[in-house]
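Data from final_34.txt: compact mmCIF, C-alpha atoms
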# COMPACT_ATOMS: atom_id res chain seq x y z
CA MET A 298 94.61 23.59 68.03
CA ILE A 299 93.25 20.85 65.77
CA SER A 300 96.84 19.76 65.07
CA LEU A 301 97.13 18.78 68.75
CA LYS A 302 94.26 16.29 68.72
CA ASN A 303 95.49 13.03 70.30
CA LYS A 304 99.09 14.22 69.98
CA HIS A 305 99.75 12.91 73.49
CA GLN A 306 97.74 9.71 73.23
CA ASN A 307 98.16 7.52 76.34
CA GLN A 308 100.77 9.89 77.85
CA ARG A 309 100.91 11.52 81.29
CA ALA A 310 100.34 15.21 81.96
CA LEU A 311 101.58 17.24 84.92
CA VAL A 312 99.61 20.42 85.61
CA ILE A 313 101.40 22.93 87.87
CA PHE A 314 98.86 25.26 89.45
CA GLY A 315 101.36 27.23 91.50
CA GLY A 316 99.85 27.08 94.97
CA PRO A 317 102.22 28.36 97.69
CA SER A 318 102.63 24.81 99.01
CA ILE A 319 105.18 24.37 96.20
CA VAL A 320 107.37 27.03 97.82
CA ALA A 321 106.62 25.95 101.39
CA ASN A 322 107.51 22.31 100.70
CA ARG A 323 110.53 23.24 98.58
CA TYR A 324 109.69 20.79 95.85
CA PRO A 325 112.73 20.31 93.57
CA LEU A 326 110.93 21.10 90.34
CA GLN A 327 114.17 20.66 88.39
CA SER A 328 114.03 16.94 89.27
CA ILE A 329 110.85 16.35 87.25
CA ASP A 330 111.56 13.96 84.39
CA LYS A 331 110.33 15.65 81.22
CA SER A 332 110.66 12.39 79.30
CA ARG A 333 107.85 10.96 81.43
CA TYR A 334 105.53 13.96 81.77
CA THR A 335 104.18 16.72 79.57
CA VAL A 336 104.15 19.82 81.77
CA PHE A 337 101.36 22.43 81.78
CA LEU A 338 101.85 25.69 83.71
CA GLU A 339 98.88 27.67 85.04
CA SER A 340 98.83 31.37 84.13
CA LYS A 341 99.91 33.00 87.41
CA ALA A 342 102.34 30.18 88.28
CA LEU A 343 104.85 31.74 85.88
CA THR A 344 106.96 33.68 88.39
CA PRO A 345 110.67 34.36 89.05
CA TYR A 346 110.63 31.45 91.53
CA PHE A 347 109.44 29.08 88.83
CA LEU A 348 112.03 30.40 86.37
CA LYS A 349 114.83 29.72 88.86
CA SER A 350 113.74 26.10 89.14
CA GLY A 351 114.99 25.47 85.61
CA LEU A 352 111.91 23.47 84.66
CA VAL A 353 110.62 24.35 81.18
CA PRO A 354 106.91 23.68 80.64
CA ASP A 355 105.56 22.28 77.41
CA TYR A 356 102.35 24.33 77.50
CA TYR A 357 101.41 27.61 79.16
CA LEU A 358 97.75 28.09 80.11
CA MET A 359 96.88 31.60 78.95
CA PHE A 360 93.13 31.07 78.69
CA PHE A 361 92.38 34.65 79.81
CA LEU A 362 95.20 37.01 78.92
CA GLU A 363 94.03 39.66 81.38
CA LYS A 364 94.95 37.21 84.18
CA CYS A 365 98.50 37.13 82.82
CA LYS A 366 98.97 40.89 83.10
CA SER A 367 99.77 40.68 86.83
CA ASN A 368 101.26 38.26 89.32
CA ALA A 369 99.39 37.24 92.47
CA PHE A 370 100.77 40.11 94.56
CA GLN A 371 99.94 42.69 91.91
CA HIS A 372 96.45 41.23 91.70
CA VAL A 373 95.97 41.80 95.44
CA VAL A 374 97.03 45.41 94.94
CA PHE A 375 94.46 45.71 92.16
CA GLN A 376 91.80 44.26 94.47
CA SER A 377 92.77 46.82 97.11
CA PHE A 378 92.02 49.59 94.60
CA LEU A 379 88.66 48.04 93.76
CA ALA A 380 87.75 47.80 97.46
CA ASP A 381 89.39 51.09 98.58
CA ILE A 382 91.67 49.31 101.06
CA LYS A 383 95.01 50.79 102.13
CA LEU A 384 97.79 48.21 102.30
CA ASP A 385 100.53 50.34 103.92
CA ASP A 386 100.24 48.64 107.32
CA LEU A 387 99.50 45.15 106.01
CA LEU A 388 102.32 44.29 103.59
CA ARG A 389 105.85 43.13 104.25
CA GLU A 390 108.36 45.93 103.80
CA GLN A 391 109.92 44.55 100.62
CA PHE A 392 106.57 44.83 98.81
CA LEU A 393 105.67 48.37 99.84
CA ALA A 394 107.65 50.12 97.09
CA GLU A 395 105.81 48.27 94.31
CA TYR A 396 102.47 48.90 95.99
CA HIS A 397 103.17 52.63 96.23
CA PHE A 398 104.37 52.75 92.62
CA MET A 399 101.16 51.14 91.40
CA LYS A 400 99.12 53.45 93.60
CA ASP A 401 100.98 56.60 92.50
CA HIS A 402 100.74 55.63 88.81
CA PHE A 403 97.21 54.24 88.92
CA ASP A 404 96.10 55.92 85.67
CA MET A 405 99.07 54.43 83.83
CA PHE A 406 97.84 50.88 84.48
CA PHE A 407 94.08 51.02 85.05
CA GLU A 408 90.95 52.56 83.59
CA PRO A 409 87.25 52.68 84.52
CA PHE A 410 85.37 49.63 83.34
CA ARG A 411 81.78 48.62 84.24
CA PRO A 412 81.05 49.83 87.79
CA HIS A 413 77.31 49.24 87.24
CA LYS A 414 78.12 45.50 87.13
CA GLY A 415 79.42 45.60 90.69
CA PRO A 416 82.53 46.71 92.62
CA HIS A 417 84.58 43.87 91.12
CA LYS A 418 84.13 45.52 87.70
CA LYS A 419 84.91 49.09 88.74
CA TYR A 420 88.32 49.12 87.02
CA ARG A 421 90.29 46.99 84.61
CA TYR A 422 93.85 46.89 83.34
CA ARG A 423 94.38 49.08 80.30
CA PRO A 424 94.41 46.79 77.24
CA ASP A 425 97.91 47.86 76.16
CA VAL A 426 99.81 47.41 79.45
CA PHE A 427 101.09 44.66 81.71
CA LEU A 428 103.31 44.75 84.79
CA LYS A 429 106.95 43.91 85.42
CA ASN A 430 107.35 40.35 86.77
CA SER A 431 103.88 39.50 85.52
CA PRO A 432 103.49 36.26 83.55
CA LEU A 433 103.34 38.19 80.26
CA ASP A 434 106.59 39.90 81.19
CA LEU A 435 108.29 36.60 82.06
CA LEU A 436 106.92 34.63 79.10
CA ALA A 437 109.82 35.91 77.00
CA ASN A 438 112.00 33.45 78.92
CA PHE A 439 110.09 30.60 77.24
CA PRO A 440 109.85 31.63 73.57
CA GLY A 441 109.26 28.09 72.34
CA VAL A 442 106.61 27.11 74.89
CA ALA A 443 103.18 26.70 73.33
CA GLY A 444 100.33 28.77 74.72
CA LEU A 445 96.73 27.60 75.00
CA SER A 446 94.14 30.37 74.80
CA ILE A 447 90.48 31.16 74.20
CA GLU A 448 90.38 32.61 70.70
CA SER A 449 88.11 35.60 71.33
CA ASN A 450 89.95 36.63 74.49
CA PHE A 451 93.33 36.26 72.82
CA GLN A 452 92.26 38.56 69.99
CA ASP A 453 91.13 41.17 72.52
CA TYR A 454 94.43 41.32 74.38
CA ALA A 455 97.18 39.95 72.10
CA GLY A 456 98.15 43.45 71.01
CA SER A 457 99.34 44.28 74.52
CA PHE A 458 102.56 42.25 74.33
CA SER A 459 105.15 40.88 71.92
CA TYR A 460 105.58 37.12 71.86
CA GLN A 461 107.41 34.44 69.92
CA ASN A 462 105.34 31.57 71.26
CA PRO A 463 103.11 29.36 69.16
CA VAL A 464 99.57 29.82 70.47
CA HIS A 465 96.86 27.19 70.02
CA LYS A 466 93.39 28.68 70.26
CA PHE A 467 89.92 27.27 70.83
CA HIS A 468 86.37 28.55 71.14
CA VAL A 469 84.22 28.38 74.26
CA ARG A 470 80.50 28.33 73.55
CA LYS A 471 77.62 28.51 76.01
CA ALA A 472 76.27 25.09 76.92
CA GLU A 473 72.66 24.63 75.92
CA LYS A 474 71.65 22.31 78.75
CA GLN A 475 72.35 21.50 82.38
CA PHE A 476 75.75 20.10 83.26
CA ASP A 477 76.51 16.78 81.60
CA LEU A 478 79.92 15.25 82.31
CA ASP A 479 80.40 13.56 78.93
CA ASP A 480 79.23 16.65 77.08
CA TYR A 481 81.61 18.79 79.13
CA PHE A 482 84.59 16.63 78.12
CA HIS A 483 83.55 16.51 74.46
CA VAL A 484 85.38 18.90 72.12
CA ASP A 485 83.69 19.79 68.84
CA ASP A 486 86.38 20.01 66.14
CA GLU A 487 84.24 20.09 63.03
CA GLY A 488 85.22 23.69 62.29
CA ASP A 489 88.62 25.34 61.87
CA ILE A 490 88.95 25.94 65.62
CA PRO A 491 87.87 23.37 68.23
CA SER A 492 84.97 24.38 70.46
CA LEU A 493 84.34 23.61 74.14
CA LYS A 494 81.15 23.90 76.19
CA ASP A 495 80.94 26.72 78.73
CA TYR A 496 79.06 25.50 81.79
CA SER A 497 79.63 28.82 83.59
CA PHE A 498 82.29 27.61 86.02
CA LEU A 499 83.88 30.53 87.85
CA ASN A 500 87.20 28.72 88.11
CA SER A 501 89.14 29.44 84.91
CA ALA A 502 90.84 26.03 84.96
CA ALA A 503 87.49 24.27 85.13
CA ILE A 504 86.22 26.15 82.10
CA ALA A 505 88.66 24.62 79.64
CA LEU A 506 91.64 22.72 81.05
CA PHE A 507 90.15 19.28 81.57
CA PRO A 508 88.45 18.90 78.16
CA ILE A 509 91.66 20.08 76.50
CA LEU A 510 93.71 17.45 78.33
CA LYS A 511 91.25 14.85 77.07
CA TYR A 512 91.38 16.27 73.53
CA LEU A 513 95.17 16.06 73.50
CA GLY A 514 94.92 12.37 74.33
CA PHE A 515 96.25 12.15 77.90
CA ASP A 516 95.04 9.22 79.95
CA SER A 517 96.71 10.21 83.26
CA VAL A 518 96.89 13.68 84.80
CA PHE A 519 98.91 14.72 87.87
CA PHE A 520 98.28 17.99 89.71
CA LEU A 521 100.92 19.93 91.65
CA GLY A 522 100.19 23.01 93.76
CA MET A 523 96.42 22.65 93.45
CA ASP A 524 96.04 23.98 97.00
CA MET A 525 92.36 24.97 96.71
CA SER A 526 93.14 28.23 98.52
CA MET A 527 92.59 31.94 97.87
CA LEU A 528 96.19 32.89 98.66
CA GLY A 529 97.59 33.24 95.17
CA SER A 530 100.57 31.68 93.40
CA MET A 531 104.15 30.79 94.26
CA GLU A 532 106.28 33.41 96.06
CA PHE A 533 103.66 36.08 95.42
CA ALA A 534 101.01 34.32 97.52
CA ALA A 535 99.56 36.23 100.47
CA CYS A 536 101.38 34.09 103.05
CA TYR A 537 104.66 35.50 101.71
CA THR A 538 103.65 39.10 100.90
CA PHE A 539 101.61 40.13 103.95
CA LYS A 540 103.20 40.76 107.35
CA SER A 541 101.24 37.84 108.78
CA MET A 542 98.12 35.86 108.04
CA LYS A 543 96.31 38.04 110.59
CA HIS A 544 97.16 41.01 108.39
CA TYR A 545 95.94 39.16 105.31
CA GLU A 546 92.73 38.26 107.13
CA LYS A 547 91.98 41.97 107.60
CA PHE A 548 92.34 42.47 103.87
CA PHE A 549 90.42 39.28 103.03
CA LYS A 550 87.38 40.27 105.09
CA LYS A 551 87.16 43.72 103.52
CA ALA A 552 87.96 42.67 99.95
CA GLN A 553 85.49 39.79 99.54
CA ARG A 554 82.97 41.97 97.75
CA VAL A 555 85.41 42.48 94.86
CA PHE A 556 86.52 38.85 94.41
CA ASN A 557 83.55 38.12 92.16
CA ALA A 558 79.81 38.71 92.15
CA SER A 559 79.00 35.25 93.54
CA PHE A 560 81.77 34.84 96.11
CA ARG A 561 80.89 32.85 99.25
CA GLU A 562 83.43 32.36 102.01
CA ASN A 563 84.46 28.82 102.88
CA LYS A 564 84.09 27.65 106.48
CA ARG A 565 87.79 26.84 106.43
CA LYS A 566 89.69 30.09 106.37
CA PHE A 567 91.20 31.23 103.06
CA MET A 568 90.04 28.19 101.10
CA ARG A 569 88.25 28.51 97.79
CA PRO A 570 84.44 28.87 97.89
CA PRO A 571 82.32 25.73 98.30
CA TYR A 572 81.11 25.89 94.68
CA ASP A 573 84.72 25.50 93.47
CA PHE A 574 85.14 22.32 95.50
CA GLU A 575 81.81 21.03 94.19
CA ALA A 576 82.76 21.77 90.57
CA VAL A 577 86.18 20.14 90.81
CA GLU A 578 84.79 17.03 92.49
CA GLN A 579 82.10 16.75 89.82
CA ILE A 580 84.59 17.12 86.96
CA LEU A 581 87.17 14.73 88.39
CA SER A 582 84.57 11.99 88.79
CA TYR A 583 85.02 11.44 85.05
CA ARG A 584 86.08 7.83 84.39
CA GLY A 585 87.70 8.40 81.02
CA MET A 586 90.97 9.60 82.60
CA THR A 587 93.02 8.95 85.75
CA PHE A 588 93.63 11.93 88.06
CA LEU A 589 96.21 12.06 90.87
CA ASN A 590 97.07 14.93 93.20
CA ILE A 591 100.60 15.53 94.50
CA TYR A 592 99.88 16.69 98.02
CA GLU A 593 101.86 17.06 101.22
CA PRO A 594 100.72 18.84 104.39
CA PHE A 595 100.66 22.61 104.29
CA GLU A 596 98.63 24.81 106.59
CA TYR A 597 96.86 26.59 103.76
CA ALA A 598 96.14 23.70 101.40
CA MET A 599 93.58 20.92 101.18
CA PRO A 600 93.53 17.66 99.21
CA VAL A 601 91.69 17.83 95.91
CA PRO A 602 88.23 16.35 96.53
CA GLY A 603 87.41 13.00 95.04
CA ILE A 604 90.85 11.89 93.83
CA ARG A 605 93.86 10.12 95.30
CA SER A 606 96.77 12.08 96.82
CA ILE A 607 100.40 11.00 96.52
CA SER A 608 103.65 12.43 97.86
CA PHE A 609 106.14 14.29 95.69
CA LYS A 610 108.64 11.50 96.31
CA GLU A 611 106.16 8.89 95.02
CA PHE A 612 105.61 11.06 91.98
CA LEU A 613 109.34 11.43 91.23
CA ASN A 614 110.03 7.76 91.78
CA GLY A 615 107.13 6.66 89.62
CA THR A 616 105.99 4.24 92.33
CA VAL A 617 102.29 5.04 91.93
CA GLN A 618 100.21 2.02 90.96
Let me see the structure of the file written as structure tokens.
Amino acid sequence: MISLKNKHQNQRALVIFGGPSIVANRYPLQSIDKSRYTVFLESKALTPYFLKSGLVPDYYLMFFLEKCKSNAFQHVVFQSFLADIKLDDLLREQFLAEYHFMKDHFDMFFEPFRPHKGPHKKYRYRPDVFLKNSPLDLLANFPGVAGLSIESNFQDYAGSFSYQNPVHKFHVRKAEKQFDLDDYFHVDDEGDIPSLKDYSFLNSAAIALFPILKYLGFDSVFFLGMDMSMLGSMEFAACYTFKSMKHYEKFFKKAQRVFNASFRENKRKFMRPPYDFEAVEQILSYRGMTFLNIYEPFEYAMPVPGIRSISFKEFLNGTVQ
């Protein structure tokens, strides 16, 4: 990771988070000019839909490898097991076969974990398995794309898949004081592996992405598909896998207790919890970089708080001042 310090000095980054607005708005990802942007792909945004776009990312965000073992639909199925929810009457027909396969072969994929920590910890994926059409399964299509990962987590799970990718690793250490914006963005690279401060953000992107972008030298960062919703990524988002959003709402209400131990529902349906909005707004108030959000109307997306939104056309044309 140290070899990447300031490698992209004064360049522009594009971070693709994979919100379903990308699919809904039919953004022509293949039109993105790679000579102008260094492209980062969020873990669950690596899907068959993204592969078909023809866009090749420069970096793949594999901070927590366990999140790469399943796509967004498979993760919902996993949550249904944690919460003892039957999905037979809720899913679109084309997704029922995979649901039943996972259900019928539960012991092949999952094992008991730490139920005393709460229902969200009742099971976990077995360390040596991952699912078909999961990001780890599809990563073979991008053998030269560099991965970015937390060193300790990577060591725990790297044995579960074969890969040809270069992987740049970093440490995350517990912060010793209350949140400080400059301290959050500072990366300690005095040792062999750079070290970031963990301010206990629940959002995995907030834990490490923004300091890394700073460390690599970017001065401008564009976000695409940062919908701020709970629906999942790309074509595997709930709006495309459930029969209707009414059906997803039934699941959502029952499954909240397994999302995480601190989950609080947003007043706007299906949006991320208030603390995620607060964290993102706090982080993006940083004046050492310019942040811009590519946003166009979509029923289940909201603008990123605190930063300017632009259209996809403005982004492609480079007309942003």
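For the atom pair formed by CA of Gly441 (chain A) and CA of Asp330 (chain A), the distance is 18.7 Å, given to one decimal.
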Once you count only C-alpha atoms, what closest atom pair and distance in Å to one decimal does each residue of region 396-480 of chain A within 12 Å of region 377-380 of chain A have, with rows by chain and rising residue number, as a Markdown table?
| residue | atom | partner | partner_atom | distance |
| --- | --- | --- | --- | --- |
| A:Tyr396 | CA | A:Ser377 | CA | 10.0 |
| A:His397 | CA | A:Phe378 | CA | 11.7 |
| A:Met399 | CA | A:Phe378 | CA | 9.8 |
| A:Lys400 | CA | A:Phe378 | CA | 8.1 |
| A:Asp401 | CA | A:Phe378 | CA | 11.6 |
| A:Phe403 | CA | A:Phe378 | CA | 9.0 |
| A:Asp404 | CA | A:Phe378 | CA | 11.7 |
| A:Phe406 | CA | A:Phe378 | CA | 11.7 |
| A:Phe407 | CA | A:Phe378 | CA | 9.9 |
| A:Glu408 | CA | A:Leu379 | CA | 11.4 |
| A:Pro409 | CA | A:Leu379 | CA | 10.4 |
| A:Phe410 | CA | A:Leu379 | CA | 11.0 |
| A:Arg411 | CA | A:Leu379 | CA | 11.8 |
| A:Pro412 | CA | A:Leu379 | CA | 9.8 |
| A:Gly415 | CA | A:Leu379 | CA | 10.0 |
| A:Pro416 | CA | A:Leu379 | CA | 6.4 |
| A:His417 | CA | A:Leu379 | CA | 6.4 |
| A:Lys418 | CA | A:Leu379 | CA | 8.0 |
| A:Lys419 | CA | A:Leu379 | CA | 6.4 |
| A:Tyr420 | CA | A:Leu379 | CA | 6.8 |
| A:Arg421 | CA | A:Leu379 | CA | 9.4 |
| A:Tyr422 | CA | A:Leu379 | CA | 11.7 |
May I have a table of the residues of region 493-547 of chain A lying at most 12 Å from region 611-614 of chain A, giving each one's closest pair of atoms and their distance in Å to one decimal, counting only C-alpha atoms, ordered by chain and ascending residue number, as JSON lines?
{"residue": "A:Val518", "atom": "CA", "partner": "A:Phe612", "partner_atom": "CA", "distance": 11.6}
{"residue": "A:Phe519", "atom": "CA", "partner": "A:Phe612", "partner_atom": "CA", "distance": 8.7}
{"residue": "A:Phe520", "atom": "CA", "partner": "A:Phe612", "partner_atom": "CA", "distance": 10.3}
{"residue": "A:Leu521", "atom": "CA", "partner": "A:Phe612", "partner_atom": "CA", "distance": 10.0}
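CA of Glu390 (chain A) is found 25.5 Å from CA of Ala598 (chain A).
For the pair CA of Tyr334 (chain A) and CA of His305 (chain A), the separation is 10.2 Å.
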Quick one: residues within 8 Å of Ala342 (chain A), all atoms listed in the file counted, chain neighbours fewer than 2 positions away excluded, as a ChimeraX atom specification?
/A:313-316,338-340,344,347,432,530-531
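Excluding region 561-573 of chain A itself and any same-chain residue fewer than 6 positions from it, the protein and nucleic acid residues within 7 Å of it, counting only C-alpha atoms, are Asn500, Met525, Ser526, Met527 and Leu528 of chain A.
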Selected residue of minimal separation from Phe507 (chain A) among A:Leu384, A:Leu326, A:Ile607, A:Ala310, counting only C-alpha atoms:
A:Ala310
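With only the atoms specified (all atoms listed in the file) counting, those residues at most 9 Å away from (91.2, 13.6, 73.4) are Lys302, Asn303, Lys304, His305, Gln306, Phe482, His483, Val484, Pro508, Ile509, Leu510, Lys511, Tyr512, Leu513, Gly514, Phe515 and Asp516 of chain A.
Across A:Met359, A:Val601, A:Leu301, A:Val353, the tightest approach to Leu506 (chain A) is made by A:Met359 when counting all atoms listed in the file.
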Please reconstruct the missing atoms of region 525-543 of chain A (target: N, CA, C and O atoms) and return them as a PDB file, in the coordinates of the input.
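Written file, selection-v6.pdb:
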ATOM      1  N   MET A 525      93.776  24.645  96.445  1.00  0.00           N
ATOM      2  CA  MET A 525      92.360  24.970  96.710  1.00  0.00           C
ATOM      3  C   MET A 525      92.232  26.146  97.679  1.00  0.00           C
ATOM      4  O   MET A 525      91.287  26.226  98.453  1.00  0.00           O
ATOM      5  N   SER A 526      93.186  27.067  97.620  1.00  0.00           N
ATOM      6  CA  SER A 526      93.140  28.230  98.520  1.00  0.00           C
ATOM      7  C   SER A 526      92.950  29.509  97.724  1.00  0.00           C
ATOM      8  O   SER A 526      93.029  29.528  96.495  1.00  0.00           O
ATOM      9  N   MET A 527      92.751  30.616  98.463  1.00  0.00           N
ATOM     10  CA  MET A 527      92.590  31.940  97.870  1.00  0.00           C
ATOM     11  C   MET A 527      93.865  32.776  97.994  1.00  0.00           C
ATOM     12  O   MET A 527      93.836  33.990  97.811  1.00  0.00           O
ATOM     13  N   LEU A 528      94.985  32.144  98.298  1.00  0.00           N
ATOM     14  CA  LEU A 528      96.190  32.890  98.660  1.00  0.00           C
ATOM     15  C   LEU A 528      97.000  33.392  97.487  1.00  0.00           C
ATOM     16  O   LEU A 528      97.842  34.279  97.648  1.00  0.00           O
ATOM     17  N   GLY A 529      96.794  32.837  96.302  1.00  0.00           N
ATOM     18  CA  GLY A 529      97.590  33.240  95.170  1.00  0.00           C
ATOM     19  C   GLY A 529      98.662  32.232  94.833  1.00  0.00           C
ATOM     20  O   GLY A 529      98.660  31.106  95.336  1.00  0.00           O
ATOM     21  N   SER A 530      99.614  32.627  93.982  1.00  0.00           N
ATOM     22  CA  SER A 530     100.570  31.680  93.400  1.00  0.00           C
ATOM     23  C   SER A 530     102.009  31.935  93.834  1.00  0.00           C
ATOM     24  O   SER A 530     102.460  33.074  93.942  1.00  0.00           O
ATOM     25  N   MET A 531     102.709  30.831  94.048  1.00  0.00           N
ATOM     26  CA  MET A 531     104.150  30.790  94.260  1.00  0.00           C
ATOM     27  C   MET A 531     104.598  31.802  95.316  1.00  0.00           C
ATOM     28  O   MET A 531     103.929  31.974  96.328  1.00  0.00           O
ATOM     29  N   GLU A 532     105.722  32.488  95.061  1.00  0.00           N
ATOM     30  CA  GLU A 532     106.280  33.410  96.060  1.00  0.00           C
ATOM     31  C   GLU A 532     105.478  34.686  96.214  1.00  0.00           C
ATOM     32  O   GLU A 532     105.727  35.473  97.140  1.00  0.00           O
ATOM     33  N   PHE A 533     104.504  34.900  95.337  1.00  0.00           N
ATOM     34  CA  PHE A 533     103.660  36.080  95.420  1.00  0.00           C
ATOM     35  C   PHE A 533     102.345  35.810  96.148  1.00  0.00           C
ATOM     36  O   PHE A 533     101.451  36.655  96.163  1.00  0.00           O
ATOM     37  N   ALA A 534     102.206  34.637  96.738  1.00  0.00           N
ATOM     38  CA  ALA A 534     101.010  34.320  97.520  1.00  0.00           C
ATOM     39  C   ALA A 534     100.966  35.167  98.788  1.00  0.00           C
ATOM     40  O   ALA A 534     101.991  35.639  99.289  1.00  0.00           O
ATOM     41  N   ALA A 535      99.766  35.337  99.319  1.00  0.00           N
ATOM     42  CA  ALA A 535      99.560  36.230 100.470  1.00  0.00           C
ATOM     43  C   ALA A 535     100.368  35.830 101.691  1.00  0.00           C
ATOM     44  O   ALA A 535     100.789  36.695 102.474  1.00  0.00           O
ATOM     45  N   CYS A 536     100.609  34.536 101.874  1.00  0.00           N
ATOM     46  CA  CYS A 536     101.380  34.090 103.050  1.00  0.00           C
ATOM     47  C   CYS A 536     102.825  34.545 102.995  1.00  0.00           C
ATOM     48  O   CYS A 536     103.532  34.473 104.016  1.00  0.00           O
ATOM     49  N   TYR A 537     103.288  35.022 101.843  1.00  0.00           N
ATOM     50  CA  TYR A 537     104.660  35.500 101.710  1.00  0.00           C
ATOM     51  C   TYR A 537     104.737  37.014 101.491  1.00  0.00           C
ATOM     52  O   TYR A 537     105.836  37.581 101.562  1.00  0.00           O
ATOM     53  N   THR A 538     103.622  37.661 101.200  1.00  0.00           N
ATOM     54  CA  THR A 538     103.650  39.100 100.900  1.00  0.00           C
ATOM     55  C   THR A 538     103.048  39.962 102.005  1.00  0.00           C
ATOM     56  O   THR A 538     103.388  41.139 102.110  1.00  0.00           O
ATOM     57  N   PHE A 539     102.178  39.387 102.820  1.00  0.00           N
ATOM     58  CA  PHE A 539     101.610  40.130 103.950  1.00  0.00           C
ATOM     59  C   PHE A 539     102.465  39.907 105.205  1.00  0.00           C
ATOM     60  O   PHE A 539     103.158  38.886 105.326  1.00  0.00           O
ATOM     61  N   LYS A 540     102.409  40.847 106.120  1.00  0.00           N
ATOM     62  CA  LYS A 540     103.200  40.760 107.350  1.00  0.00           C
ATOM     63  C   LYS A 540     102.908  39.471 108.109  1.00  0.00           C
ATOM     64  O   LYS A 540     103.801  38.868 108.696  1.00  0.00           O
ATOM     65  N   SER A 541     101.667  39.073 108.120  1.00  0.00           N
ATOM     66  CA  SER A 541     101.240  37.840 108.780  1.00  0.00           C
ATOM     67  C   SER A 541      99.897  37.456 108.200  1.00  0.00           C
ATOM     68  O   SER A 541      99.258  38.247 107.492  1.00  0.00           O
ATOM     69  N   MET A 542      99.430  36.265 108.529  1.00  0.00           N
ATOM     70  CA  MET A 542      98.120  35.860 108.040  1.00  0.00           C
ATOM     71  C   MET A 542      97.004  36.629 108.754  1.00  0.00           C
ATOM     72  O   MET A 542      95.906  36.747 108.231  1.00  0.00           O
ATOM     73  N   LYS A 543      97.283  37.159 109.925  1.00  0.00           N
ATOM     74  CA  LYS A 543      96.310  38.040 110.590  1.00  0.00           C
ATOM     75  C   LYS A 543      96.136  39.318 109.774  1.00  0.00           C
ATOM     76  O   LYS A 543      95.023  39.839 109.648  1.00  0.00           O
TER      77      LYS A 543
END
